[in-house]
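Asker: Encoded as structure tokens, here's the structure I'll be asking about.
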Amino acid sequence: MAYITLNRSHFFHNLTTLSLKAGSKEKLAIVLKDNAYGHGLEPMARLSAEFGLMRAVVRRNDEAHRIADLFEDVLVLNDRAYAHPKIRTALNSLEDIARAEPGARVDVKIDTGMHRNGIAESELEKALDAIDKKGLKLVGVMTHFRSADVLSSEYMWQKKRFEMIKARVKEAGFSVQFHSHNSAALLRCEDFDEDFARVGIAAYGFDTLPPVFARTELKPVMSLWAKRIATRTLRKGERVGYGGDFVAPEAMRVSTYDIGYGDGWRRGDSAKPYITPRHGAVLGRVSMDAVTLQGDDEKVCIFDDARRVSAHYGTICYEVLTALSPAIERKITE
Ligand SMILES: *Cc1c(COP(=O)(O)O)cnc(C)c1O
């Protein structure tokens, strides 16, 4: 079976770097949504807790339940709010308030410019009032930046709008935690002063800021490996796989390895093959459950830095990582 290795020392290096930026471990919430960006929810939650993080962020209640024992505080980004001592839920709309279970701990998400989820700035007081009437416990007020990873004034502009929101929340008499920073915002900011940052991609080892910003040294946590299924020797001119797209230029030994598009690995275009770190190009088309590579090693590293994959396929590393099937085994390495 293909497998994923998770490098504990790389992850801890990233978390150390990021908690220094945030001020302390208490100020770092690890985002574990979408199977911990494809790394595996449970192993990454356990490693985060072992490192000493207290806060996690997920998308749904079922994910929160699976990891709640490991943390003091779990923020759910998009599900029905219900009463639980550790779980808190982001309210993305006034309808979310109406749906929430009385007694639930909640964070109001304010739309300060991204226009994706969140309650309009003009409806803040209305939302605070509805939360109060419904008997919900307001624990946080949050927002999300649309362009923290772009060199422009947008981040500053949204940050300023959020500062005005904070003032209005305090004026309304609420004492809550404020949080707005994702990875890119935390990496670029020099004076982090909020209650915690919600960090995803940087914790997994990727600094997504463009080169004009100061680099933060982060180390990719995930490597993807595949195991050999079968080996054969091709004669010159023999073809490999569906459509026979690859033609052996000379006699060569090739093997199939057990990763394919059914596992969430990209099929891509056999005319522009992906090149593995140590075993050359993928030969011919990617099948549902297999790729062909030159040689006969028992196992091959498909990638150890998802940025090389995303650059090849013209996407972002978030997509490469989250696409990987949860059925692939995850192993922790040093
Ligand atoms: C996914 C997400 C994050 C984390 O973003 P990264 O860029 O991976 O750090 C933070 N906050 C919210 C609301 C999110 O949806």
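Quick note on naming: the chains in the structure tokens go A, B, ... in the order shown, residues restart at 1 in each chain, and ligands are numbered from 1 in order of appearance.
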Applying 6 Å and only C-alpha atoms, which residues near stretch 173-181 of chain A remain after dropping the ones on its own chain fewer than 4 positions away? List them as a PyMOL selection string.
Answerer: chain A and resi 139-144+169+185-186+194-198
Asker: Would you mind exporting N, CA, C and O atoms of the selected residues as a compact mmCIF listing (two decimals), in the first residue's frame?
Answerer:
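File produced: selection.txt:
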# COMPACT_ATOMS: atom_id res chain seq x y z
N VAL A 139 -17.91 33.80 22.91
CA VAL A 139 -16.53 33.68 23.40
C VAL A 139 -15.52 34.34 22.46
O VAL A 139 -14.40 34.61 22.86
N GLY A 140 -15.91 34.58 21.21
CA GLY A 140 -14.94 35.17 20.29
C GLY A 140 -15.60 35.96 19.18
O GLY A 140 -16.79 35.76 18.88
N VAL A 141 -14.82 36.86 18.60
CA VAL A 141 -15.24 37.57 17.39
C VAL A 141 -14.07 37.45 16.42
O VAL A 141 -12.92 37.69 16.80
N MET A 142 -14.39 37.02 15.21
CA MET A 142 -13.33 36.68 14.25
C MET A 142 -13.61 37.25 12.87
O MET A 142 -14.74 37.64 12.55
N THR A 143 -12.56 37.29 12.06
CA THR A 143 -12.73 37.59 10.65
C THR A 143 -11.65 36.84 9.89
O THR A 143 -10.79 36.18 10.49
N HIS A 144 -11.70 36.90 8.56
CA HIS A 144 -10.75 36.16 7.72
C HIS A 144 -10.29 37.10 6.62
O HIS A 144 -11.10 37.82 6.04
N VAL A 169 -17.55 45.87 19.62
CA VAL A 169 -17.87 44.72 20.48
C VAL A 169 -17.62 45.08 21.94
O VAL A 169 -18.43 44.80 22.82
N ALA A 185 -1.10 35.87 7.20
CA ALA A 185 -1.19 37.08 8.02
C ALA A 185 -0.22 37.01 9.19
O ALA A 185 0.47 37.99 9.49
N LEU A 186 -0.13 35.85 9.84
CA LEU A 186 0.80 35.73 10.97
C LEU A 186 2.25 35.85 10.49
O LEU A 186 3.06 36.53 11.13
N GLU A 194 -3.33 39.69 18.87
CA GLU A 194 -4.66 39.14 19.11
C GLU A 194 -4.59 37.94 20.07
O GLU A 194 -3.51 37.57 20.52
N ASP A 195 -5.74 37.35 20.35
CA ASP A 195 -5.76 36.28 21.35
C ASP A 195 -5.20 34.97 20.83
O ASP A 195 -4.61 34.21 21.58
N PHE A 196 -5.42 34.69 19.56
CA PHE A 196 -4.73 33.56 18.93
C PHE A 196 -4.81 33.69 17.42
O PHE A 196 -5.61 34.47 16.90
N ALA A 197 -3.91 32.96 16.73
CA ALA A 197 -3.91 32.91 15.27
C ALA A 197 -4.38 31.52 14.85
O ALA A 197 -4.11 30.54 15.54
N ARG A 198 -5.08 31.45 13.71
CA ARG A 198 -5.57 30.16 13.20
C ARG A 198 -4.64 29.74 12.06
O ARG A 198 -4.74 30.24 10.94
Asker: Kindly compile the residues surrounding ligand 1 within 6 Å, counting only C-alpha atoms and all ligand atoms, and format them as a list in words.
Answerer: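 Written in the requested form, the residues are Val31, His144, Asn182, Ser183, Arg198, Val199, Gly200 and Ile201 of chain A.
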Asker: Restricting it to C-alpha atoms, dump the selection as a PDB file, in the first residue's frame.
Answerer:
ATOM      1  CA  VAL A  31      -6.201  24.257  11.742  1.00  0.00           C
ATOM      2  CA  HIS A 144     -10.751  36.158   7.725  1.00  0.00           C
ATOM      3  CA  ASN A 182      -4.282  32.784   9.138  1.00  0.00           C
ATOM      4  CA  SER A 183      -0.778  31.585   8.189  1.00  0.00           C
ATOM      5  CA  ARG A 198      -5.566  30.161  13.198  1.00  0.00           C
ATOM      6  CA  VAL A 199      -2.667  28.530  11.412  1.00  0.00           C
ATOM      7  CA  GLY A 200      -2.973  25.850   8.754  1.00  0.00           C
ATOM      8  CA  ILE A 201      -0.632  25.690   5.774  1.00  0.00           C
TER       9      ILE A 201
END
Asker: Record the distance separating atom CA of A:Met1 and atom CA of A:Arg253, expressed in Å with one decimal.
Answerer: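 A separation of 21.5 Å between them.
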Asker: With a cut-off of 9 Å, could you pull out the residues of stretch 129-232 of chain A touching stretch 254-266 of chain A and give me the nearest pair of atoms for each, distance in Å to one decimal, using only C-alpha atoms, ordered by chain and ascending number, as CSV?
Answerer:
residue,atom,partner,partner_atom,distance
A:Trp225,CA,A:Ile259,CA,8.3
A:Ala226,CA,A:Asp258,CA,5.5
A:Lys227,CA,A:Tyr257,CA,5.2
A:Arg228,CA,A:Tyr257,CA,4.5
A:Ile229,CA,A:Thr256,CA,5.4
A:Ala230,CA,A:Ser255,CA,5.5
A:Thr231,CA,A:Ser255,CA,4.1
A:Arg232,CA,A:Val254,CA,5.7
Asker: From the set A:Asp73, A:Glu171, A:Glu101, A:Asp207, which residue has the shortest atom-to-atom contact distance to A:Ala184, counting only C-alpha atoms?
Answerer: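 Closest to A:Ala184, using only C-alpha atoms: A:Asp207.
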Asker: Env of A:Phe303: 7 Å cut, atoms = only C-alpha atoms, seq-sep filter 5 positions within chain, self excluded. Answer as a ChimeraX atom specification.
Answerer: /A:223-224,276-277
Asker: Would you mind listing what lies within 12 Å of A:Leu128 as number ranges by chain, with only C-alpha atoms counted and same-chain residues fewer than 6 positions away left out?
Answerer: A: 91, 93-94, 97, 106-110, 119, 121-122, 134-141, 165, 168-174, 176
Asker: Among stretch 125-331 of chain A, which ones does DSSP assign to alpha helix (DSSP H) (computed from the backbone)? Answer as a count of residues only.
Answerer: 48
Asker: I'd like the contact shell of A:Ile87 - 7 Å cut-off, only C-alpha atoms, skipping same-chain residues fewer than 5 positions apart - returned as a list of chain:residue names.
Answerer: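 What passes the distance filter is A:Asp73, A:Val74, A:Leu75, A:Arg105.
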Asker: So which bits of stretch 124-236 of chain A end up strand (DSSP E or B) when you DSSP the backbone, as a count of residues only?
Answerer: 25
Asker: Skip A:Trp157 itself and residues of its chain fewer than 2 positions away, then list as a ChimeraX atom specification all residues within 12 Å of it, counting only C-alpha atoms.
Answerer: /A:112-114,145-148,152-155,159-164
Asker: Go ahead and dump the residues you just picked, C-alpha atoms, as a PDB file, in the first residue's frame.
Answerer:
ATOM      1  CA  THR A 112     -14.714  42.597   6.810  1.00  0.00           C
ATOM      2  CA  GLY A 113     -14.238  42.355   3.062  1.00  0.00           C
ATOM      3  CA  MET A 114     -13.795  38.794   1.884  1.00  0.00           C
ATOM      4  CA  PHE A 145      -8.416  38.010   5.326  1.00  0.00           C
ATOM      5  CA  ARG A 146      -8.934  37.691   1.612  1.00  0.00           C
ATOM      6  CA  SER A 147      -5.427  38.777   0.541  1.00  0.00           C
ATOM      7  CA  ALA A 148      -3.018  38.257   3.418  1.00  0.00           C
ATOM      8  CA  SER A 152      -0.830  45.175  -1.226  1.00  0.00           C
ATOM      9  CA  SER A 153      -2.594  47.378   1.286  1.00  0.00           C
ATOM     10  CA  GLU A 154      -5.612  45.052   1.371  1.00  0.00           C
ATOM     11  CA  TYR A 155      -4.483  43.224   4.489  1.00  0.00           C
ATOM     12  CA  LYS A 159      -7.170  44.757   9.612  1.00  0.00           C
ATOM     13  CA  LYS A 160      -8.298  48.340  10.215  1.00  0.00           C
ATOM     14  CA  ARG A 161     -11.910  47.400   9.639  1.00  0.00           C
ATOM     15  CA  PHE A 162     -11.559  44.592  12.154  1.00  0.00           C
ATOM     16  CA  GLU A 163     -10.085  47.039  14.697  1.00  0.00           C
ATOM     17  CA  MET A 164     -13.303  49.063  14.387  1.00  0.00           C
TER      18      MET A 164
END
Asker: For a quick check of understanding, using only C-alpha atoms, which of A:Arg46, A:Arg116, A:Arg330, A:Arg239 has the smallest distance to A:Arg285?
Answerer: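 Counting only C-alpha atoms, the residue closest to A:Arg285 is A:Arg239.
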Asker: Which is closer to A:Arg267 than all the others in A:Gly284, A:Pro210, A:Pro85, A:Gly243, using only C-alpha atoms?
Answerer: A:Gly284
Asker: For atom CA of A:Arg55 and atom CA of A:Ser310, determine how far apart the two atoms are, in Å to one decimal place.
Answerer: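 Between atom CA of A:Arg55 and atom CA of A:Ser310 the gap works out to 28.9 Å.
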Asker: For the atom pair atom CA of A:Thr89 and atom CA of A:Arg66, what is the interatomic distance in Å to one decimal place?
Answerer: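 Atom CA of A:Thr89 sits 15.6 Å away from atom CA of A:Arg66.
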Asker: Write out as an MDAnalysis selection string the residues lying within 9 Å of A:Leu18, counting only C-alpha atoms and excluding same-chain residues fewer than 3 positions away.
Answerer: chainID A and resid 13:15 21:25 28 183 186:187 199 202:203
